[in-house]
>>> print(open('structure32.csv').read())   # CSV, C-alpha atoms
chain,number,residue,atom,x,y,z
A,1,MET,CA,-28.9,-57.7,0.3
A,2,ILE,CA,-25.8,-58.5,-1.7
A,3,PRO,CA,-22.5,-57.5,-0.1
A,4,GLY,CA,-19.5,-56.6,-2.2
A,5,GLU,CA,-18.0,-53.9,-4.2
A,6,SER,CA,-19.5,-51.3,-6.5
A,7,PRO,CA,-21.2,-52.8,-9.5
A,8,TYR,CA,-19.3,-50.3,-11.7
A,9,LYS,CA,-16.2,-52.4,-11.9
A,10,VAL,CA,-17.9,-55.4,-13.3
A,11,LEU,CA,-20.6,-53.9,-15.3
A,12,LYS,CA,-19.2,-50.9,-16.9
A,13,PRO,CA,-17.1,-52.5,-19.7
A,14,VAL,CA,-20.1,-54.1,-21.2
A,15,MET,CA,-22.7,-51.4,-20.6
A,16,ASP,CA,-25.0,-50.7,-23.4
A,17,THR,CA,-24.1,-47.5,-25.2
A,18,GLN,CA,-26.8,-47.4,-27.8
A,19,GLU,CA,-29.6,-46.0,-25.7
A,20,SER,CA,-30.8,-42.7,-26.9
A,21,SER,CA,-29.5,-39.7,-24.9
A,22,GLU,CA,-33.0,-38.4,-24.5
A,23,LYS,CA,-34.1,-41.5,-22.7
A,24,LYS,CA,-31.0,-41.3,-20.4
A,25,LYS,CA,-31.7,-37.7,-19.5
A,26,GLN,CA,-35.2,-38.5,-18.7
A,27,LYS,CA,-34.1,-41.3,-16.4
A,28,LYS,CA,-31.3,-39.6,-14.7
A,29,GLY,CA,-33.7,-37.2,-13.1
A,30,ARG,CA,-35.0,-39.9,-10.9
A,31,GLU,CA,-33.6,-40.2,-7.4
A,32,SER,CA,-34.7,-43.7,-6.5
A,33,LEU,CA,-35.9,-46.9,-8.1
A,34,SER,CA,-39.5,-47.0,-9.0
A,35,ARG,CA,-41.8,-49.7,-7.5
A,36,GLU,CA,-41.9,-51.4,-10.9
A,37,GLU,CA,-38.1,-51.4,-11.1
A,38,ILE,CA,-37.9,-53.1,-7.7
A,39,LYS,CA,-40.5,-55.6,-8.6
A,40,LYS,CA,-38.6,-56.3,-11.8
A,41,GLN,CA,-35.3,-56.9,-9.9
A,42,GLN,CA,-37.0,-59.2,-7.5
A,43,GLU,CA,-38.5,-61.3,-10.3
A,44,PHE,CA,-35.3,-61.2,-12.2
A,45,GLN,CA,-33.5,-62.7,-9.2
A,46,GLU,CA,-36.0,-65.4,-8.8
A,47,GLU,CA,-36.6,-66.3,-12.4
A,48,ALA,CA,-33.3,-65.7,-14.2
A,49,VAL,CA,-30.3,-65.9,-12.0
A,50,ALA,CA,-31.2,-69.5,-11.0
A,51,HIS,CA,-30.2,-70.6,-14.4
A,52,ILE,CA,-26.6,-69.3,-14.4
A,53,ASN,CA,-24.9,-72.6,-14.2
A,54,SER,CA,-26.8,-74.0,-17.2
A,55,LEU,CA,-26.1,-70.9,-19.2
A,56,TYR,CA,-22.4,-71.0,-18.3
A,57,ASN,CA,-22.2,-74.6,-19.4
A,58,TYR,CA,-24.0,-73.9,-22.7
A,59,ALA,CA,-21.6,-70.9,-23.3
A,60,LEU,CA,-18.6,-73.2,-22.7
A,61,HIS,CA,-19.9,-75.7,-25.2
A,62,LEU,CA,-20.4,-72.9,-27.8
A,63,THR,CA,-17.3,-70.9,-27.3
A,64,MET,CA,-14.9,-73.6,-26.1
A,65,ASN,CA,-13.2,-71.0,-24.0
A,66,PRO,CA,-13.8,-70.2,-20.3
A,67,ASP,CA,-13.2,-66.4,-20.7
A,68,ASP,CA,-15.4,-66.1,-23.7
A,69,ALA,CA,-18.0,-68.1,-21.9
A,70,GLU,CA,-18.0,-65.7,-19.0
A,71,ASP,CA,-18.3,-62.7,-21.3
A,72,LEU,CA,-21.1,-64.3,-23.2
A,73,VAL,CA,-23.1,-65.1,-20.0
A,74,GLN,CA,-22.6,-61.6,-18.7
A,75,GLU,CA,-23.8,-60.1,-21.9
A,76,THR,CA,-26.7,-62.4,-21.9
A,77,TYR,CA,-27.8,-61.4,-18.5
A,78,LEU,CA,-27.4,-57.7,-19.2
A,79,LYS,CA,-29.6,-58.0,-22.2
A,80,ALA,CA,-32.1,-60.2,-20.4
A,81,TYR,CA,-32.4,-57.7,-17.6
A,82,LYS,CA,-32.8,-54.9,-20.1
A,83,PHE,CA,-35.6,-56.7,-21.9
A,84,PHE,CA,-37.0,-58.5,-18.9
A,85,ASN,CA,-40.3,-56.7,-19.3
A,86,SER,CA,-40.8,-58.5,-22.6
A,87,PHE,CA,-40.3,-61.9,-21.1
A,88,GLU,CA,-43.6,-63.6,-21.2
A,89,ARG,CA,-44.4,-64.5,-17.6
A,90,GLY,CA,-45.3,-68.2,-17.1
A,91,THR,CA,-43.2,-69.4,-20.0
A,92,ASN,CA,-39.8,-71.1,-19.6
A,93,CYS,CA,-37.3,-68.5,-18.5
A,94,LYS,CA,-34.4,-70.8,-19.0
A,95,ALA,CA,-35.4,-71.3,-22.7
A,96,TRP,CA,-35.7,-67.5,-23.1
A,97,LEU,CA,-32.2,-67.0,-21.7
A,98,PHE,CA,-30.7,-69.7,-23.8
A,99,LYS,CA,-32.2,-68.1,-26.9
A,100,ILE,CA,-30.7,-64.7,-26.0
A,101,LEU,CA,-27.3,-66.4,-25.3
A,102,LYS,CA,-27.4,-68.1,-28.6
A,103,ASN,CA,-28.2,-64.9,-30.5
A,104,ASN,CA,-25.4,-63.1,-28.7
A,105,TYR,CA,-23.0,-65.9,-29.6
A,106,ILE,CA,-23.9,-65.7,-33.2
A,107,ASN,CA,-23.6,-62.0,-33.4
A,108,ARG,CA,-20.5,-61.6,-31.5
A,109,PHE,CA,-18.3,-64.7,-31.5
A,110,ARG,CA,-19.0,-66.7,-34.6
A,111,LYS,CA,-18.1,-64.0,-37.1
A,112,ASN,CA,-14.4,-63.9,-36.1
A,113,SER,CA,-14.1,-67.4,-34.8
A,114,ARG,CA,-12.3,-70.4,-35.9
A,115,GLU,CA,-13.3,-72.2,-39.1
A,116,PRO,CA,-16.8,-73.6,-38.9
A,117,GLY,CA,-17.0,-77.2,-37.9
A,118,LYS,CA,-13.4,-77.2,-36.6
A,119,VAL,CA,-13.0,-77.4,-32.9
A,120,ASP,CA,-9.9,-76.6,-30.9
A,121,TYR,CA,-10.3,-79.4,-28.5
A,122,ASP,CA,-6.9,-78.9,-26.9
A,123,LEU,CA,-8.0,-75.5,-25.6
A,124,ILE,CA,-11.0,-76.8,-23.8
A,125,LYS,CA,-9.2,-80.0,-22.7
A,126,ASP,CA,-6.7,-78.1,-20.6
A,127,PHE,CA,-9.6,-76.4,-18.9
A,128,TYR,CA,-11.4,-79.6,-18.2
A,129,HIS,CA,-8.3,-81.2,-16.9
A,130,SER,CA,-7.6,-78.3,-14.5
A,131,ILE,CA,-10.9,-79.1,-12.7
A,132,LYS,CA,-11.3,-82.2,-10.7
A,133,ASP,CA,-14.1,-84.4,-11.9
A,134,VAL,CA,-16.6,-84.3,-9.1
A,135,ARG,CA,-19.0,-86.7,-10.6
A,136,SER,CA,-19.2,-90.2,-9.1
A,137,ASP,CA,-19.9,-93.2,-11.2
A,138,THR,CA,-23.5,-94.3,-10.9
A,139,SER,CA,-24.5,-97.9,-10.3
A,140,GLU,CA,-27.2,-97.6,-13.0
A,141,ALA,CA,-24.6,-97.6,-15.7
A,142,ASP,CA,-24.3,-100.8,-17.8
A,143,SER,CA,-21.3,-103.0,-17.2
A,144,ASP,CA,-20.4,-102.9,-20.9
A,145,TYR,CA,-18.0,-100.7,-22.7
A,146,PHE,CA,-20.1,-97.6,-22.2
A,147,HIS,CA,-19.3,-97.8,-18.5
A,148,SER,CA,-15.6,-97.2,-19.3
A,149,LEU,CA,-16.2,-94.1,-21.3
A,150,MET,CA,-15.0,-90.9,-19.7
A,151,HIS,CA,-16.2,-87.3,-20.1
A,152,GLU,CA,-13.4,-86.6,-22.6
A,153,GLU,CA,-14.5,-89.3,-25.0
A,154,VAL,CA,-18.1,-88.4,-24.8
A,155,TYR,CA,-17.3,-84.7,-25.1
A,156,GLN,CA,-15.1,-85.3,-28.1
A,157,ALA,CA,-17.7,-87.5,-29.7
A,158,LEU,CA,-20.3,-84.8,-29.2
A,159,GLN,CA,-18.1,-82.1,-30.5
A,160,SER,CA,-17.3,-84.1,-33.6
A,161,LEU,CA,-21.0,-84.0,-34.7
A,162,PRO,CA,-22.2,-81.4,-37.2
A,163,GLU,CA,-23.4,-78.4,-35.2
A,164,GLU,CA,-27.1,-78.9,-36.1
A,165,PHE,CA,-27.1,-82.3,-34.5
A,166,ARG,CA,-24.8,-81.4,-31.5
A,167,GLU,CA,-27.0,-78.5,-30.7
A,168,VAL,CA,-30.3,-80.4,-30.4
A,169,ILE,CA,-28.6,-83.1,-28.4
A,170,GLN,CA,-27.2,-80.6,-25.9
A,171,LEU,CA,-30.5,-78.8,-25.5
A,172,CYS,CA,-32.5,-82.0,-25.1
A,173,ASP,CA,-30.2,-84.4,-23.2
A,174,ILE,CA,-28.1,-82.1,-21.2
A,175,GLU,CA,-30.4,-79.2,-20.6
A,176,GLY,CA,-33.7,-81.1,-20.7
A,177,PHE,CA,-35.7,-78.7,-22.9
A,178,THR,CA,-38.9,-79.9,-24.6
A,179,TYR,CA,-39.1,-80.3,-28.4
A,180,GLU,CA,-41.3,-77.3,-28.6
A,181,GLU,CA,-38.7,-75.2,-26.7
A,182,ILE,CA,-35.9,-76.5,-28.8
A,183,ALA,CA,-37.8,-75.8,-32.0
A,184,ASN,CA,-38.2,-72.3,-30.9
A,185,MET,CA,-34.6,-71.9,-30.0
A,186,VAL,CA,-33.2,-73.3,-33.2
A,187,GLU,CA,-36.0,-71.8,-35.2
A,188,SER,CA,-37.0,-75.0,-37.0
A,189,PRO,CA,-40.2,-77.1,-37.0
A,190,ILE,CA,-40.6,-79.7,-34.3
A,191,GLY,CA,-40.4,-82.4,-36.9
A,192,THR,CA,-36.9,-81.2,-37.8
A,193,VAL,CA,-35.8,-81.3,-34.2
A,194,ARG,CA,-37.1,-84.8,-33.9
A,195,SER,CA,-35.3,-86.1,-36.9
A,196,ARG,CA,-32.1,-84.3,-36.0
A,197,LEU,CA,-32.2,-85.9,-32.6
A,198,TYR,CA,-32.7,-89.3,-34.1
A,199,ARG,CA,-29.9,-88.9,-36.6
A,200,GLY,CA,-27.6,-87.1,-34.2
A,201,ARG,CA,-27.8,-89.8,-31.6
A,202,LYS,CA,-27.1,-92.4,-34.2
A,203,LEU,CA,-24.0,-90.6,-35.3
A,204,LEU,CA,-22.9,-90.1,-31.7
A,205,ARG,CA,-23.4,-93.8,-31.0
A,206,GLY,CA,-21.2,-94.6,-34.0
A,207,GLN,CA,-18.5,-92.2,-32.6
A,208,LEU,CA,-18.7,-93.8,-29.2
A,209,GLU,CA,-18.4,-97.3,-30.6
A,210,ASN,CA,-15.2,-96.1,-32.5
A,211,TYR,CA,-13.7,-95.1,-29.2
A,212,ALA,CA,-14.7,-98.3,-27.6
A,213,ARG,CA,-13.2,-100.4,-30.4
A,214,LYS,CA,-10.0,-98.3,-30.1
A,215,TYR,CA,-9.7,-99.4,-26.5
A,216,GLY,CA,-10.4,-103.0,-27.3
A,217,PHE,CA,-14.0,-103.3,-26.0
A,218,ASN,CA,-16.4,-105.6,-27.7
A,219,THR,CA,-19.2,-103.4,-29.1
A,220,ASN,CA,-21.3,-106.2,-30.5
A,221,SER,CA,-22.7,-107.3,-27.2
A,222,GLU,CA,-26.3,-106.3,-26.4
A,223,GLU,CA,-27.4,-105.6,-22.9
B,1,MET,CA,-47.2,-99.5,-36.9
B,2,ASN,CA,-44.4,-100.3,-39.3
B,3,CYS,CA,-40.6,-99.8,-38.8
B,4,ASN,CA,-40.5,-96.5,-40.7
B,5,LYS,CA,-43.1,-94.9,-38.4
B,6,ALA,CA,-41.4,-96.4,-35.4
B,7,ARG,CA,-38.1,-94.8,-36.4
B,8,VAL,CA,-39.8,-91.4,-36.9
B,9,LEU,CA,-41.2,-91.7,-33.3
B,10,MET,CA,-38.1,-93.2,-31.8
B,11,SER,CA,-36.6,-90.0,-30.4
B,12,CYS,CA,-40.0,-88.8,-29.2
B,13,ALA,CA,-40.5,-92.1,-27.3
B,14,LEU,CA,-37.1,-91.6,-25.8
B,15,ASP,CA,-37.8,-88.1,-24.6
B,16,GLY,CA,-41.3,-88.6,-23.4
B,17,GLU,CA,-42.8,-86.6,-26.3
B,18,LEU,CA,-45.3,-89.2,-27.5
B,19,THR,CA,-49.1,-89.0,-26.8
B,20,SER,CA,-50.3,-92.0,-24.8
B,21,LYS,CA,-51.9,-93.4,-27.9
B,22,GLU,CA,-48.7,-93.2,-29.9
B,23,GLU,CA,-46.8,-94.7,-27.0
B,24,GLN,CA,-49.1,-97.7,-26.9
B,25,GLU,CA,-48.6,-98.3,-30.6
B,26,PHE,CA,-44.9,-97.8,-30.4
B,27,LEU,CA,-44.4,-100.2,-27.5
B,28,LEU,CA,-46.6,-102.7,-29.3
B,29,HIS,CA,-44.4,-102.5,-32.4
B,30,LEU,CA,-41.2,-102.9,-30.2
B,31,SER,CA,-42.7,-106.1,-28.7
B,32,GLU,CA,-43.1,-107.4,-32.3
B,33,CYS,CA,-39.9,-106.1,-33.9
B,34,GLN,CA,-36.5,-107.1,-32.6
B,35,GLU,CA,-34.6,-104.7,-34.9
B,36,CYS,CA,-36.5,-101.6,-33.6
B,37,SER,CA,-36.4,-102.9,-30.1
B,38,ARG,CA,-32.6,-103.2,-30.3
B,39,GLU,CA,-32.3,-99.7,-31.8
B,40,PHE,CA,-34.5,-98.2,-29.0
B,41,THR,CA,-32.3,-99.8,-26.4
B,42,GLU,CA,-29.2,-98.4,-28.0
B,43,ALA,CA,-30.7,-95.0,-28.3
B,44,LYS,CA,-31.7,-95.0,-24.6
B,45,LYS,CA,-28.2,-96.0,-23.7
B,46,THR,CA,-26.8,-93.1,-25.7
B,47,LYS,CA,-29.0,-90.6,-24.0
B,48,MET,CA,-28.0,-92.0,-20.6
B,49,ILE,CA,-24.3,-91.7,-21.5
B,50,ILE,CA,-24.6,-88.1,-22.4
B,51,ARG,CA,-26.5,-87.3,-19.3
B,52,GLU,CA,-24.1,-89.1,-17.0
B,53,LYS,CA,-20.7,-88.5,-18.6
B,54,ILE,CA,-20.8,-84.9,-19.6
B,55,VAL,CA,-19.3,-83.0,-16.7
B,56,ARG,CA,-21.2,-79.9,-15.6
B,57,PHE,CA,-19.4,-76.9,-14.2
B,58,LYS,CA,-20.4,-74.3,-11.8
B,59,ALA,CA,-20.2,-70.7,-13.0
B,60,PRO,CA,-17.3,-68.9,-11.5
B,61,GLN,CA,-18.3,-67.0,-8.3
B,62,ALA,CA,-17.1,-63.6,-9.7
B,63,LEU,CA,-19.5,-64.1,-12.6
B,64,VAL,CA,-22.4,-65.1,-10.3
B,65,ASP,CA,-21.7,-62.1,-8.1
B,66,SER,CA,-21.8,-59.7,-11.0
B,67,ILE,CA,-25.0,-61.1,-12.3
B,68,ILE,CA,-26.6,-61.0,-8.9
B,69,ARG,CA,-25.8,-57.3,-8.6
B,70,LEU,CA,-27.9,-56.6,-11.6
B,71,GLY,CA,-30.9,-57.4,-9.5
B,72,ALA,CA,-29.6,-56.2,-6.1
B,73,LEU,CA,-32.0,-54.5,-3.9
B,74,SER,CA,-29.9,-53.2,-1.1
B,75,SER,CA,-31.5,-49.8,-1.0
B,76,PRO,CA,-29.3,-48.5,-3.8
B,77,SER,CA,-27.4,-45.2,-3.6
B,78,ALA,CA,-28.3,-42.5,-6.1
B,79,GLU,CA,-25.1,-43.4,-7.9
B,80,GLU,CA,-26.1,-47.0,-8.2
B,81,THR,CA,-29.6,-45.9,-9.3
B,82,ILE,CA,-28.1,-44.0,-12.2
B,83,LEU,CA,-26.1,-47.1,-13.1
B,84,TYR,CA,-29.2,-49.3,-13.1
B,85,ASP,CA,-31.0,-46.8,-15.1
B,86,GLN,CA,-28.3,-46.7,-17.7
B,87,LEU,CA,-28.5,-50.4,-17.9
B,88,THR,CA,-32.2,-50.7,-18.3
>>> encode(input="structure32.csv", output="structure tokens")
Amino acid sequence: MIPGESPYKVLKPVMDTQESSEKKKQKKGRESLSREEIKKQQEFQEEAVAHINSLYNYALHLTMNPDDAEDLVQETYLKAYKFFNSFERGTNCKAWLFKILKNNYINRFRKNSREPGKVDYDLIKDFYHSIKDVRSDTSEADSDYFHSLMHEEVYQALQSLPEEFREVIQLCDIEGFTYEEIANMVESPIGTVRSRLYRGRKLLRGQLENYARKYGFNTNSEE
Amino acid sequence: MNCNKARVLMSCALDGELTSKEEQEFLLHLSECQECSREFTEAKKTKMIIREKIVRFKAPQALVDSIIRLGALSSPSAEETILYDQLT
């Protein structure tokens, strides 16, 4: 179904090596994929692969680096495929994948990363500048100063928020998860998610108004 | 409903997380309270800005291809089968 080279090249460097040798020996004896395995692959295609763009964007937000983001997404899918049997059918697969990605990020990237709370904006800015903005302005937007805001300003404002606020805003406003899903992902009660969203948006609004003032827009006008 | 309760429910109202009863009470309060009404408008605007201004990127094709191969079904060779087994 999928043309292309051998999967070895891409998958080998990140292959899991922790599996017990006994299990491997048992598996190597098989000559073809079992019916269960084929079913699993089909389901994985339908359920999980569809969310790759969202995962990639989330990984970009977390790592602030396109190469790390790719690694993170690839690791996430390897792990997701490995544990796909434990994915509860009928629940939100995207939320499940996001949680795996977040855990991977914490385990792998955060330990040796930059100082917490400090963001190397220049790094990601170059990346964003290298890609043409394909979004067109919508006519829905207000004609006030918010209209003049660009991705960079909003992105910077978002990145300037403390992580606990930024995270819930991303998950809610950008990815469209429900409070229950977010609560599960950030491992906090729904009430906490609610108040973080409220406070986070207030902080963000303050940041955006700062940008607006900097560029000489009047921020006092209502509607 | 007072302003404190309205603020607690503000983000829920914005994100469609209120029950219909809560929503009715919330909207009633907004119709009576200019301050909360203004804040709700601002909050709506902030959400809209994030949704509209943050640029979304497509995952690189090479990455997509490698992920798709995880679930590839093209009657795998014995060699590929072993690889899949090692991965799973």
>>> closest_residue(input="structure32.csv", among="A:Val73, A:Leu203, A:Met150, A:Ile190", to="Phe165 (chain A)", atoms="all atoms listed in the file")
A:Leu203
>>> closest_residue(input="structure32.csv", among="B:Thr19, B:Ala62, B:Ser37, B:Lys53", to="chain A", atoms="all atoms listed in the file")
B:Lys53
>>> atom_distance(input="structure32.csv", atom1="CA of Leu62 (chain A)", atom2="CA of Leu149 (chain A)")
22.6 Å
>>> closest_residue(input="structure32.csv", among="A:Asn92, A:Gln170, A:Asn103, A:Ser86", to="chain B", atoms="all atoms listed in the file")
A:Gln170
>>> atom_distance(input="structure32.csv", atom1="CA of Phe40 (chain B)", atom2="CA of Leu208 (chain A)")
16.4 Å
>>> closest_residue(input="structure32.csv", among="B:Leu18, B:Ala43, B:Gln61, B:His29", to="chain A", atoms="all atoms listed in the file")
B:Ala43
>>> atom_distance(input="structure32.csv", atom1="CA of Cys36 (chain B)", atom2="CA of Met10 (chain B)")
8.7 Å
